[in-house]
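> Provided herewith: coords31.cif, mmCIF, C-alpha atoms.
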data_entry
loop_
_atom_site.label_atom_id
_atom_site.label_comp_id
_atom_site.auth_asym_id
_atom_site.auth_seq_id
_atom_site.Cartn_x
_atom_site.Cartn_y
_atom_site.Cartn_z
CA MET V 1250 -25.28 41.88 26.27
CA SER V 1251 -28.58 40.44 25.08
CA SER V 1252 -27.61 40.99 21.44
CA ILE V 1253 -24.36 39.06 21.97
CA THR V 1254 -26.28 36.20 23.56
CA THR V 1255 -28.78 36.19 20.68
CA ASN V 1256 -25.95 36.08 18.12
CA GLN V 1257 -24.27 33.19 19.94
CA VAL V 1258 -27.52 31.20 20.04
CA SER V 1259 -28.23 31.85 16.36
CA SER V 1260 -24.69 30.82 15.40
CA ARG V 1261 -25.06 27.51 17.26
CA ARG V 1262 -28.52 26.80 15.85
CA ILE V 1263 -28.64 24.31 12.98
CA ALA V 1264 -29.21 26.11 9.71
CA VAL V 1265 -32.08 25.14 7.41
CA LEU V 1266 -30.02 25.29 4.20
CA PRO V 1267 -26.29 24.49 3.76
CA GLU V 1268 -23.79 27.08 4.97
CA ARG V 1269 -20.01 27.08 5.00
CA GLY V 1270 -18.63 25.23 7.99
CA ARG V 1271 -22.06 24.49 9.49
CA ILE V 1272 -24.29 21.45 9.27
CA SER V 1273 -27.87 22.07 8.14
CA TRP V 1274 -31.24 20.35 8.25
CA PHE V 1275 -31.05 20.02 4.47
CA GLU V 1276 -27.85 17.97 4.73
CA LEU V 1277 -29.23 15.84 7.57
CA ALA V 1278 -32.41 15.16 5.59
CA LEU V 1279 -30.36 14.24 2.52
CA LEU V 1280 -28.27 11.83 4.61
CA ALA V 1281 -31.43 10.25 6.03
CA ILE V 1282 -32.77 9.72 2.50
CA CYS V 1283 -29.47 8.12 1.44
CA VAL V 1284 -29.52 5.76 4.44
CA ALA V 1285 -33.12 4.84 3.64
CA LEU V 1286 -32.19 4.08 0.03
CA VAL V 1287 -29.38 1.80 1.18
CA GLY V 1288 -31.71 -0.13 3.47
CA SER V 1289 -34.66 -0.33 1.08
CA GLY V 1290 -35.39 -3.33 -1.10
CA ILE V 1291 -35.17 -1.69 -4.52
CA ALA V 1292 -34.34 -3.29 -7.85
CA PRO V 1293 -30.67 -4.26 -8.38
CA SER V 1294 -30.39 -2.01 -11.44
CA LEU V 1295 -31.52 1.02 -9.45
CA ARG V 1296 -29.18 0.05 -6.62
CA ASP V 1297 -26.31 0.20 -9.12
CA VAL V 1298 -27.31 3.76 -9.96
CA ILE V 1299 -27.56 4.72 -6.29
CA LEU V 1300 -24.19 3.34 -5.23
CA LEU V 1301 -22.48 4.88 -8.28
CA SER V 1302 -24.07 8.21 -7.33
CA PHE V 1303 -22.57 7.85 -3.85
CA LEU V 1304 -19.15 6.93 -5.25
CA PHE V 1305 -18.99 9.77 -7.77
CA ALA V 1306 -20.30 12.25 -5.21
CA GLY V 1307 -17.31 11.37 -3.01
CA LEU V 1308 -14.95 11.63 -5.99
CA ALA V 1309 -16.44 15.00 -6.98
CA LEU V 1310 -15.93 16.25 -3.41
CA ALA V 1311 -12.31 15.07 -3.55
CA TRP V 1312 -11.75 16.93 -6.83
CA ASN V 1313 -13.45 20.03 -5.39
CA ILE V 1314 -10.82 20.34 -2.65
CA ALA V 1315 -8.21 21.05 -5.31
CA GLY V 1316 -10.36 22.62 -8.03
CA GLY V 1317 -13.00 24.46 -6.02
CA TYR V 1318 -11.12 25.44 -2.86
CA ALA V 1319 -7.52 25.84 -4.04
CA GLY V 1320 -8.29 26.90 -7.63
CA LEU V 1321 -6.28 24.03 -9.14
CA ILE V 1322 -8.51 23.04 -12.06
CA SER V 1323 -7.27 19.55 -12.85
CA PHE V 1324 -8.13 17.27 -15.76
CA GLY V 1325 -5.73 14.62 -14.54
CA HIS V 1326 -7.45 13.21 -11.46
CA SER V 1327 -8.06 9.91 -13.21
CA ALA V 1328 -4.34 9.28 -12.64
CA PHE V 1329 -4.86 9.36 -8.85
CA PHE V 1330 -7.99 7.27 -9.27
CA GLY V 1331 -6.00 4.69 -11.23
CA VAL V 1332 -3.09 4.72 -8.79
CA GLY V 1333 -5.42 3.93 -5.90
CA ALA V 1334 -7.28 1.24 -7.84
CA TYR V 1335 -4.15 -0.49 -9.14
CA THR V 1336 -2.28 -0.31 -5.82
CA SER V 1337 -4.96 -2.03 -3.76
CA THR V 1338 -5.65 -4.57 -6.53
CA ILE V 1339 -1.97 -5.47 -7.03
CA LEU V 1340 -1.43 -5.81 -3.28
CA LEU V 1341 -4.45 -8.13 -3.10
CA THR V 1342 -3.84 -10.31 -6.16
CA ARG V 1343 -0.04 -10.52 -5.99
CA TYR V 1344 0.72 -10.38 -2.26
CA GLY V 1345 -2.56 -11.33 -0.56
CA ILE V 1346 -2.79 -8.02 1.33
CA SER V 1347 -6.37 -7.12 2.24
CA PRO V 1348 -7.90 -4.12 0.42
CA TRP V 1349 -8.78 -2.71 3.85
CA VAL V 1350 -5.03 -2.10 4.11
CA GLY V 1351 -4.25 -1.60 0.43
CA ILE V 1352 -6.78 1.18 0.13
CA TRP V 1353 -4.71 3.36 2.48
CA VAL V 1354 -1.44 2.44 0.77
CA GLY V 1355 -2.98 3.51 -2.53
CA ALA V 1356 -4.19 6.75 -0.95
CA LEU V 1357 -0.68 7.47 0.36
CA ILE V 1358 0.96 6.88 -3.02
CA ALA V 1359 -1.69 9.00 -4.76
CA ALA V 1360 -1.09 11.79 -2.21
CA VAL V 1361 2.64 11.75 -2.97
CA PHE V 1362 1.91 11.93 -6.70
CA GLY V 1363 -0.50 14.81 -6.12
CA ALA V 1364 1.93 16.80 -3.98
CA VAL V 1365 4.77 16.34 -6.48
CA LEU V 1366 2.51 17.37 -9.37
CA ALA V 1367 1.40 20.50 -7.51
CA LEU V 1368 4.95 21.45 -6.51
CA ILE V 1369 6.13 21.13 -10.11
CA CYS V 1370 3.15 22.62 -11.94
CA ALA V 1371 1.30 24.88 -9.48
CA ARG V 1372 3.25 27.93 -10.67
CA LEU V 1373 1.61 27.51 -14.06
CA ARG V 1374 -1.60 29.41 -14.67
CA GLY V 1375 -4.90 28.73 -16.39
CA PRO V 1376 -4.81 26.41 -19.39
CA PHE V 1377 -1.12 25.66 -18.90
CA PHE V 1378 -1.80 24.01 -15.54
CA ILE V 1379 -4.81 22.16 -16.94
CA LEU V 1380 -2.75 20.80 -19.84
CA SER V 1381 0.03 19.73 -17.48
CA THR V 1382 -2.42 17.68 -15.38
CA LEU V 1383 -3.89 16.15 -18.53
CA ALA V 1384 -0.40 15.20 -19.71
CA PHE V 1385 0.41 13.70 -16.30
CA ALA V 1386 -2.66 11.45 -16.46
CA GLU V 1387 -1.74 10.38 -19.98
CA VAL V 1388 1.76 9.41 -18.83
CA VAL V 1389 0.28 7.30 -16.03
CA ARG V 1390 -2.13 5.66 -18.49
CA ILE V 1391 0.70 4.80 -20.91
CA ILE V 1392 2.71 3.28 -18.05
CA ALA V 1393 -0.29 1.16 -17.03
CA LEU V 1394 -0.77 -0.02 -20.60
CA ASN V 1395 2.86 -0.95 -21.15
CA TRP V 1396 3.99 -2.26 -17.75
CA ALA V 1397 2.18 -5.54 -18.32
CA VAL V 1398 4.20 -7.49 -15.74
CA LEU V 1399 2.78 -5.33 -12.95
CA THR V 1400 -0.50 -3.91 -14.25
CA GLY V 1401 -1.62 -6.56 -16.71
CA GLY V 1402 -1.22 -4.15 -19.61
CA PRO V 1403 -4.17 -3.63 -21.96
CA GLU V 1404 -5.83 -6.76 -20.59
CA GLY V 1405 -6.12 -5.17 -17.17
CA LEU V 1406 -6.40 -6.87 -13.79
CA SER V 1407 -9.16 -9.02 -12.34
CA ILE V 1408 -10.09 -9.62 -8.72
CA PRO V 1409 -11.37 -13.14 -7.88
CA PRO V 1410 -15.17 -12.87 -7.41
CA MET V 1411 -15.23 -14.77 -4.12
CA SER V 1412 -17.25 -13.22 -1.33
CA SER V 1413 -14.99 -12.31 1.55
CA LEU V 1414 -15.12 -9.59 4.18
CA THR V 1415 -11.32 -9.57 4.36
CA GLY V 1416 -11.11 -9.26 0.57
CA MET V 1417 -13.80 -6.52 0.53
CA VAL V 1418 -15.91 -8.56 -1.89
CA PHE V 1419 -19.59 -8.83 -0.98
CA ALA V 1420 -22.39 -10.98 -2.34
CA SER V 1421 -24.99 -8.27 -1.72
CA LYS V 1422 -25.06 -4.95 -3.55
CA GLN V 1423 -26.59 -3.49 -0.42
CA SER V 1424 -23.24 -3.95 1.32
CA TYR V 1425 -21.49 -2.11 -1.50
CA ALA V 1426 -24.07 0.67 -1.31
CA ALA V 1427 -23.39 1.05 2.43
CA LEU V 1428 -19.64 1.09 1.74
CA MET V 1429 -19.99 3.79 -0.94
CA LEU V 1430 -22.22 5.86 1.33
CA GLY V 1431 -19.63 5.54 4.08
CA TYR V 1432 -17.00 6.84 1.66
CA LEU V 1433 -19.23 9.78 0.72
CA VAL V 1434 -19.90 10.69 4.36
CA PHE V 1435 -16.18 10.40 5.15
CA VAL V 1436 -15.13 12.76 2.36
CA TYR V 1437 -18.00 15.13 3.11
CA ALA V 1438 -17.01 15.36 6.78
CA ILE V 1439 -13.43 16.18 5.76
CA THR V 1440 -14.69 18.83 3.34
CA LYS V 1441 -16.96 20.49 5.91
CA SER V 1442 -14.15 20.50 8.48
CA LEU V 1443 -11.72 21.88 5.92
CA GLU V 1444 -13.87 24.81 4.81
CA ALA V 1445 -14.40 25.93 8.43
CA SER V 1446 -10.71 25.65 9.36
CA ARG V 1447 -7.96 28.22 9.16
CA TYR V 1448 -6.29 26.23 6.40
CA GLY V 1449 -9.55 26.30 4.46
CA TYR V 1450 -9.61 30.09 4.60
CA TYR V 1451 -5.99 30.09 3.44
CA LEU V 1452 -7.05 28.08 0.38
CA PHE V 1453 -9.89 30.49 -0.38
CA ALA V 1454 -7.47 33.40 -0.10
CA ILE V 1455 -4.94 31.70 -2.41
CA ARG V 1456 -7.68 30.93 -4.93
CA ASP V 1457 -9.15 34.43 -4.95
CA ASN V 1458 -5.97 36.53 -4.80
CA GLU V 1459 -2.62 34.79 -4.55
CA ASP V 1460 -0.61 38.01 -4.25
CA ALA V 1461 -2.74 39.31 -1.38
CA ALA V 1462 -2.59 35.93 0.37
CA SER V 1463 1.19 35.84 0.00
CA ALA V 1464 1.46 39.38 1.40
CA ALA V 1465 -0.60 38.25 4.41
CA GLY V 1466 1.92 35.50 5.17
CA VAL V 1467 0.28 32.53 3.43
CA ASN V 1468 2.53 30.22 1.42
CA PRO V 1469 0.57 29.62 -1.83
CA LEU V 1470 2.81 26.81 -3.11
CA LEU V 1471 2.65 24.83 0.13
CA GLY V 1472 -1.07 25.43 0.51
CA ARG V 1473 -1.82 24.20 -3.00
CA ALA V 1474 0.50 21.20 -2.67
CA LEU V 1475 -1.26 20.06 0.52
CA ALA V 1476 -4.67 20.58 -1.09
CA MET V 1477 -3.69 18.54 -4.14
CA ALA V 1478 -2.22 15.81 -1.92
CA LEU V 1479 -5.43 15.55 0.11
CA SER V 1480 -7.56 15.61 -3.04
CA ALA V 1481 -5.42 12.92 -4.67
CA ALA V 1482 -5.51 10.69 -1.56
CA LEU V 1483 -9.30 10.81 -1.35
CA THR V 1484 -9.56 10.16 -5.08
CA GLY V 1485 -7.25 7.15 -4.69
CA ILE V 1486 -9.57 5.74 -2.02
CA GLY V 1487 -12.46 6.08 -4.47
CA GLY V 1488 -10.42 4.24 -7.09
CA SER V 1489 -9.86 1.32 -4.74
CA LEU V 1490 -13.59 1.12 -3.97
CA PHE V 1491 -14.34 1.18 -7.70
CA ALA V 1492 -11.98 -1.75 -8.25
CA GLN V 1493 -13.54 -3.75 -5.43
CA TYR V 1494 -17.03 -3.23 -6.81
CA PHE V 1495 -16.41 -4.00 -10.48
CA LEU V 1496 -13.63 -6.57 -9.75
CA TYR V 1497 -11.86 -5.57 -12.96
CA LEU V 1498 -9.53 -2.75 -14.00
CA ASP V 1499 -9.40 -1.56 -17.60
CA PRO V 1500 -6.65 1.07 -18.00
CA THR V 1501 -8.39 2.67 -20.98
CA TYR V 1502 -11.28 3.65 -18.67
CA VAL V 1503 -9.77 3.81 -15.18
CA ILE V 1504 -7.12 6.30 -16.35
CA SER V 1505 -8.98 8.18 -19.05
CA PRO V 1506 -9.59 11.86 -19.88
CA GLU V 1507 -13.36 11.40 -19.87
CA LEU V 1508 -13.24 10.17 -16.29
CA SER V 1509 -11.21 13.23 -15.28
CA PHE V 1510 -13.72 15.45 -17.06
CA GLN V 1511 -16.54 13.80 -15.13
CA PHE V 1512 -14.81 14.50 -11.82
CA ALA V 1513 -14.69 18.19 -12.78
CA LEU V 1514 -18.16 18.33 -14.34
CA LEU V 1515 -20.07 17.23 -11.25
CA PRO V 1516 -18.81 20.07 -8.99
CA ALA V 1517 -19.29 22.57 -11.83
CA VAL V 1518 -22.95 21.60 -12.16
CA GLY V 1519 -23.50 21.40 -8.41
CA GLY V 1520 -21.48 24.44 -7.39
CA LEU V 1521 -17.71 24.90 -7.21
CA GLY V 1522 -16.14 25.73 -3.87
CA THR V 1523 -19.05 24.39 -1.81
CA ALA V 1524 -19.45 21.15 0.10
CA ILE V 1525 -23.02 20.40 -0.97
CA GLY V 1526 -22.48 21.33 -4.64
CA PRO V 1527 -20.53 18.23 -5.79
CA VAL V 1528 -23.03 15.98 -4.00
CA LEU V 1529 -26.01 17.62 -5.70
CA GLY V 1530 -24.18 17.51 -9.03
CA SER V 1531 -23.55 13.78 -8.70
CA PHE V 1532 -27.09 13.04 -7.52
CA LEU V 1533 -28.42 14.80 -10.62
CA ILE V 1534 -25.93 13.85 -13.34
CA THR V 1535 -24.97 10.27 -12.43
CA PRO V 1536 -28.53 8.84 -12.36
CA LEU V 1537 -29.43 10.83 -15.48
CA SER V 1538 -26.41 9.47 -17.34
CA GLU V 1539 -26.88 5.85 -16.21
CA LEU V 1540 -30.63 5.73 -16.81
CA LEU V 1541 -30.42 7.34 -20.23
CA ARG V 1542 -27.64 4.97 -21.24
CA SER V 1543 -29.57 1.90 -20.09
CA HIS V 1544 -32.91 2.89 -21.65
CA LEU V 1545 -31.80 4.64 -24.84
CA GLY V 1546 -28.32 3.30 -25.53
CA ASN V 1547 -29.46 0.30 -27.57
CA ALA V 1548 -32.69 1.71 -29.01
CA ALA V 1549 -31.16 4.88 -30.45
CA ALA V 1550 -27.39 5.02 -30.33
CA GLY V 1551 -26.19 8.45 -29.27
CA LEU V 1552 -29.64 9.81 -28.34
CA HIS V 1553 -28.92 9.48 -24.62
CA LEU V 1554 -25.85 11.70 -25.08
CA VAL V 1555 -27.96 14.35 -26.83
CA ILE V 1556 -30.53 14.43 -24.02
CA TYR V 1557 -27.77 14.34 -21.40
CA SER V 1558 -25.95 17.28 -23.02
CA PHE V 1559 -29.18 19.24 -23.39
CA GLY V 1560 -29.88 18.80 -19.68
CA LEU V 1561 -26.40 20.04 -18.80
CA ILE V 1562 -26.85 23.12 -20.98
CA ILE V 1563 -30.15 23.95 -19.27
CA VAL V 1564 -28.59 23.65 -15.81
CA MET V 1565 -25.56 25.78 -16.70
CA LEU V 1566 -27.72 28.46 -18.39
CA TYR V 1567 -30.25 28.90 -15.61
CA PHE V 1568 -28.00 28.06 -12.67
CA PRO V 1569 -24.56 29.54 -13.52
CA ALA V 1570 -23.51 29.21 -9.86
CA GLY V 1571 -24.62 25.59 -9.84
CA LEU V 1572 -27.35 23.91 -7.85
CA ALA V 1573 -25.76 25.17 -4.63
CA GLY V 1574 -26.20 28.70 -5.97
CA ALA V 1575 -29.91 28.00 -6.42
CA LEU V 1576 -30.09 26.90 -2.78
CA ASN V 1577 -28.39 30.13 -1.72
CA LYS V 1578 -31.15 32.10 -3.44
CA LEU V 1579 -33.70 30.29 -1.29
CA LYS V 1580 -32.04 31.75 1.80
CA ARG V 1581 -33.59 35.10 0.90
CA TRP V 1582 -36.99 33.65 1.65
CA ARG V 1583 -38.14 34.21 5.21
CA LEU V 1584 -39.15 30.54 5.48
CA PHE V 1585 -35.48 29.43 5.27
CA ARG V 1586 -33.96 31.97 7.65
#
The structure in this file should be written as structure tokens.


Amino acid sequence: MSSITTNQVSSRRIAVLPERGRISWFELALLAICVALVGSGIAPSLRDVILLSFLFAGLALAWNIAGGYAGLISFGHSAFFGVGAYTSTILLTRYGISPWVGIWVGALIAAVFGAVLALICARLRGPFFILSTLAFAEVVRIIALNWAVLTGGPEGLSIPPMSSLTGMVFASKQSYAALMLGYLVFVYAITKSLEASRYGYYLFAIRDNEDAASAAGVNPLLGRALAMALSAALTGIGGSLFAQYFLYLDPTYVISPELSFQFALLPAVGGLGTAIGPVLGSFLITPLSELLRSHLGNAAAGLHLVIYSFGLIIVMLYFPAGLAGALNKLKRWRLFR
């Protein structure tokens, strides 16, 4: 009886380091640091780096739901990003609908696109599925470039730079930083809830052994379609926030392969299939990329890419399970138990 009580108390106790389905002191401390950074009076250039780190952490978490949890490695998530960005921007500039509403319309359309893509292509395996997602994003990019009446074509779309709470345009970058942090916390809460739910365990089972999961009564196609829809919806929200911050949409970047690769790279560096991994990956890679580009981009063209790539190689060599895997190794120490 006493052992049962001890186990119940230990299971309810907040863990020191991140665990699946449980909040930890590490995550709470990281959130406190993020809140402090939002409220601090730092230089505008550093604030740009911080809010982009928040945004891409949320986007990496969204990608991880499909790629890390469901095993749907996608190089086409920039399509969902672009759908969300263009939907909210078109609704604002053409019809005067507030982005606070348009952001959810864009998420819904992106979710439909994601579900349809998964239902059509989820039976493909390995590189065939990856290529199908890449082709899907390229089709969306070509449509955006050629449907000039709606999307502005190669010239893109601009949002009037007039500060307005209704228009989600702020004069202070601190407000944008708070908005991006809110997005990150929102996606992180969904991810933590998902991985502790029954549906989350279904996704892990489908990812690890589809045949065994199917024999146990799990529908792999439906499970993957729902995961892709949720991932696409959250990515679409991130696209809308991106548009509201930069106030301009360039289809050659917003719907580009390199953006899709970045969504996949951050969870890979941080740790696939974990909630904390994509966040750590973004907090490492995004500032490194932005700072190297700003300090070395003009002085020595291409040198920042060399240093950036070298850093990625070091991380992948010494931390093959990502930064989250390194945290898991710390759990062996008595101090973190």

> Just so the selection is clear, what residues does the PyMOL selection byres ((chain V and resi 1497) around 6) cover here, as a ChimeraX atom specification?

/V:1406-1407,1495-1496,1498

> Under the PyMOL selection byres ((chain V and resi 1422-1435) around 8), which residues of this model are included? Write them out as a PyMOL selection string.

chain V and resi 1283-1284+1287-1288+1293+1296-1297+1299-1301+1303-1304+1306-1307+1419-1421+1436-1439+1487+1490+1494

> Starting from the PyMOL selection byres ((chain V and resi 1416) around 10), expand the selection into actual residues of this file and give them as an MDAnalysis selection string.

chainID V and resid 1341:1342 1345:1349 1408:1415 1417:1419 1493

> Grab the CA of Phe1377 in chain V to CA of Ile1455 in chain V distance for me, in Å with one decimal place.

18.0 Å

> What does the structure give for the distance between CA of Ala1311 in chain V and CA of Arg1343 in chain V, in Å to one decimal?

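According to the coordinates, CA of Ala1311 in chain V and CA of Arg1343 in chain V are separated by 28.5 Å.
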
> Residues of range 1479-1561 of chain V that approach range 1366-1371 of chain V to 12 Å or less, counting all atoms listed in the file: could you list each one with the shortest pair of atoms and its distance in Å to one decimal, rows by chain and increasing residue number, as CSV?


residue,atom,partner,partner_atom,distance
V:Leu1479,CA,V:Ala1367,CA,11.4
V:Ser1480,CA,V:Ala1367,CA,11.1
V:Ala1481,CA,V:Leu1366,CA,10.2

> Rank nothing, just name the residue among V:Ala1319, V:Val1528, V:Ala1360, V:Ala1575 nearest to Tyr1450 in chain V, using only C-alpha atoms.

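Ranking V:Ala1319, V:Val1528, V:Ala1360, V:Ala1575 by distance to Tyr1450 in chain V, first place goes to V:Ala1319.
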
> So what do you get for CA of Arg1390 in chain V versus CA of Ala1517 in chain V, distance-wise?

25.0 Å

> Report as a list in words all protein, DNA and RNA residues lying within 10 Å of Pro1403 in chain V, evaluated on all atoms listed in the file, omitting residues in the same chain fewer than 6 positions from it.

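So, after excluding close chain neighbours, the residues are Ile1391, Ala1393, Leu1394, Asn1395, Trp1396, Ala1397, Leu1498, Asp1499, Pro1500 and Thr1501 of chain V.
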
> Check the smallest atom-to-atom distance from each of V:Met1477, V:Leu1321, V:Pro1267, V:Ala1384 to Leu1572 in chain V using all atoms listed in the file, then report the winner.

V:Pro1267

> Do you know which residues are at most 8 Å from Tyr1451 in chain V counting all atoms listed in the file, after dropping those on the same chain fewer than 6 positions away, and could you put them as a PDB file with C-alpha atoms, keeping the file's coordinate frame?


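Produced file out08.pdb, reproduced below:
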ATOM      1  CA  ALA V1462      -2.590  35.930   0.370  1.00  0.00           C
ATOM      2  CA  VAL V1467       0.280  32.530   3.430  1.00  0.00           C
ATOM      3  CA  GLY V1472      -1.070  25.430   0.510  1.00  0.00           C
TER       4      GLY V1472
END

> Pick the closest to Ser1531 in chain V from V:Ile1562, V:Leu1357, V:Ala1309, V:Ala1364: which is it, counting all atoms listed in the file?

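Closest to Ser1531 in chain V, using all atoms listed in the file: V:Ala1309.
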
> Taking (-5.6, 26.0, -14.1) in the coordinates of the supplied file, I want to know which residues reach to within 12 Å of it, counting only C-alpha atoms; could you give the answer as a list of chain:residue names?

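Output of the proximity query reads V:Ala1315, V:Gly1316, V:Gly1317, V:Ala1319, V:Gly1320, V:Leu1321, V:Ile1322, V:Ser1323, V:Phe1324, V:Gly1325, V:Ala1367, V:Cys1370, V:Ala1371, V:Arg1372, V:Leu1373, V:Arg1374, V:Gly1375, V:Pro1376, V:Phe1377, V:Phe1378, V:Ile1379, V:Leu1380, V:Ser1381, V:Thr1382, V:Leu1383, V:Arg1456, V:Arg1473.
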
> Is it possible to add N, CA and C atoms to range 1323-1349 of chain V and hand it back as a PDB file, in the frame of the given file?


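Final output, rebuild.pdb:
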ATOM      1  N   SER V1323      -8.050  20.696 -12.396  1.00  0.00           N
ATOM      2  CA  SER V1323      -7.270  19.550 -12.850  1.00  0.00           C
ATOM      3  C   SER V1323      -8.115  18.659 -13.751  1.00  0.00           C
ATOM      4  N   PHE V1324      -7.536  18.269 -14.883  1.00  0.00           N
ATOM      5  CA  PHE V1324      -8.130  17.270 -15.760  1.00  0.00           C
ATOM      6  C   PHE V1324      -7.271  16.002 -15.754  1.00  0.00           C
ATOM      7  N   GLY V1325      -6.585  15.790 -14.634  1.00  0.00           N
ATOM      8  CA  GLY V1325      -5.730  14.620 -14.540  1.00  0.00           C
ATOM      9  C   GLY V1325      -6.006  13.760 -13.324  1.00  0.00           C
ATOM     10  N   HIS V1326      -7.169  13.964 -12.685  1.00  0.00           N
ATOM     11  CA  HIS V1326      -7.450  13.210 -11.460  1.00  0.00           C
ATOM     12  C   HIS V1326      -7.687  11.733 -11.700  1.00  0.00           C
ATOM     13  N   SER V1327      -7.929  11.344 -12.945  1.00  0.00           N
ATOM     14  CA  SER V1327      -8.060   9.910 -13.210  1.00  0.00           C
ATOM     15  C   SER V1327      -6.753   9.180 -12.928  1.00  0.00           C
ATOM     16  N   ALA V1328      -5.624   9.895 -12.982  1.00  0.00           N
ATOM     17  CA  ALA V1328      -4.340   9.280 -12.640  1.00  0.00           C
ATOM     18  C   ALA V1328      -4.324   8.850 -11.173  1.00  0.00           C
ATOM     19  N   PHE V1329      -4.804   9.708 -10.275  1.00  0.00           N
ATOM     20  CA  PHE V1329      -4.860   9.360  -8.850  1.00  0.00           C
ATOM     21  C   PHE V1329      -5.878   8.257  -8.611  1.00  0.00           C
ATOM     22  N   PHE V1330      -6.978   8.313  -9.337  1.00  0.00           N
ATOM     23  CA  PHE V1330      -7.990   7.270  -9.270  1.00  0.00           C
ATOM     24  C   PHE V1330      -7.393   5.928  -9.663  1.00  0.00           C
ATOM     25  N   GLY V1331      -6.634   5.918 -10.768  1.00  0.00           N
ATOM     26  CA  GLY V1331      -6.000   4.690 -11.230  1.00  0.00           C
ATOM     27  C   GLY V1331      -4.921   4.195 -10.299  1.00  0.00           C
ATOM     28  N   VAL V1332      -4.147   5.118  -9.730  1.00  0.00           N
ATOM     29  CA  VAL V1332      -3.090   4.720  -8.790  1.00  0.00           C
ATOM     30  C   VAL V1332      -3.687   4.019  -7.584  1.00  0.00           C
ATOM     31  N   GLY V1333      -4.769   4.569  -7.037  1.00  0.00           N
ATOM     32  CA  GLY V1333      -5.420   3.930  -5.900  1.00  0.00           C
ATOM     33  C   GLY V1333      -5.985   2.566  -6.257  1.00  0.00           C
ATOM     34  N   ALA V1334      -6.658   2.495  -7.423  1.00  0.00           N
ATOM     35  CA  ALA V1334      -7.280   1.240  -7.840  1.00  0.00           C
ATOM     36  C   ALA V1334      -6.229   0.157  -8.090  1.00  0.00           C
ATOM     37  N   TYR V1335      -5.172   0.502  -8.814  1.00  0.00           N
ATOM     38  CA  TYR V1335      -4.150  -0.490  -9.140  1.00  0.00           C
ATOM     39  C   TYR V1335      -3.351  -0.906  -7.911  1.00  0.00           C
ATOM     40  N   THR V1336      -3.079   0.028  -7.011  1.00  0.00           N
ATOM     41  CA  THR V1336      -2.280  -0.310  -5.820  1.00  0.00           C
ATOM     42  C   THR V1336      -2.987  -1.344  -4.964  1.00  0.00           C
ATOM     43  N   SER V1337      -4.238  -1.083  -4.618  1.00  0.00           N
ATOM     44  CA  SER V1337      -4.960  -2.030  -3.760  1.00  0.00           C
ATOM     45  C   SER V1337      -5.167  -3.371  -4.461  1.00  0.00           C
ATOM     46  N   THR V1338      -5.421  -3.336  -5.785  1.00  0.00           N
ATOM     47  CA  THR V1338      -5.650  -4.570  -6.530  1.00  0.00           C
ATOM     48  C   THR V1338      -4.379  -5.404  -6.643  1.00  0.00           C
ATOM     49  N   ILE V1339      -3.252  -4.755  -6.935  1.00  0.00           N
ATOM     50  CA  ILE V1339      -1.970  -5.470  -7.030  1.00  0.00           C
ATOM     51  C   ILE V1339      -1.580  -6.069  -5.684  1.00  0.00           C
ATOM     52  N   LEU V1340      -1.763  -5.294  -4.614  1.00  0.00           N
ATOM     53  CA  LEU V1340      -1.430  -5.810  -3.280  1.00  0.00           C
ATOM     54  C   LEU V1340      -2.296  -7.015  -2.928  1.00  0.00           C
ATOM     55  N   LEU V1341      -3.552  -7.011  -3.390  1.00  0.00           N
ATOM     56  CA  LEU V1341      -4.450  -8.130  -3.100  1.00  0.00           C
ATOM     57  C   LEU V1341      -4.119  -9.353  -3.945  1.00  0.00           C
ATOM     58  N   THR V1342      -4.004  -9.163  -5.258  1.00  0.00           N
ATOM     59  CA  THR V1342      -3.840 -10.310  -6.160  1.00  0.00           C
ATOM     60  C   THR V1342      -2.424 -10.882  -6.167  1.00  0.00           C
ATOM     61  N   ARG V1343      -1.427 -10.043  -5.931  1.00  0.00           N
ATOM     62  CA  ARG V1343      -0.040 -10.520  -5.990  1.00  0.00           C
ATOM     63  C   ARG V1343       0.507 -10.898  -4.608  1.00  0.00           C
ATOM     64  N   TYR V1344       0.099 -10.177  -3.569  1.00  0.00           N
ATOM     65  CA  TYR V1344       0.720 -10.380  -2.260  1.00  0.00           C
ATOM     66  C   TYR V1344      -0.288 -10.778  -1.172  1.00  0.00           C
ATOM     67  N   GLY V1345      -1.556 -10.887  -1.527  1.00  0.00           N
ATOM     68  CA  GLY V1345      -2.560 -11.330  -0.560  1.00  0.00           C
ATOM     69  C   GLY V1345      -2.851 -10.337   0.542  1.00  0.00           C
ATOM     70  N   ILE V1346      -2.534  -9.062   0.324  1.00  0.00           N
ATOM     71  CA  ILE V1346      -2.790  -8.020   1.330  1.00  0.00           C
ATOM     72  C   ILE V1346      -4.237  -7.538   1.172  1.00  0.00           C
ATOM     73  N   SER V1347      -4.954  -7.493   2.262  1.00  0.00           N
ATOM     74  CA  SER V1347      -6.370  -7.120   2.240  1.00  0.00           C
ATOM     75  C   SER V1347      -6.552  -5.700   1.696  1.00  0.00           C
ATOM     76  N   PRO V1348      -7.616  -5.478   0.905  1.00  0.00           N
ATOM     77  CA  PRO V1348      -7.900  -4.120   0.420  1.00  0.00           C
ATOM     78  C   PRO V1348      -8.171  -3.126   1.538  1.00  0.00           C
ATOM     79  N   TRP V1349      -8.570  -3.628   2.719  1.00  0.00           N
ATOM     80  CA  TRP V1349      -8.780  -2.710   3.850  1.00  0.00           C
ATOM     81  C   TRP V1349      -7.457  -2.045   4.247  1.00  0.00           C
TER      82      TRP V1349
END
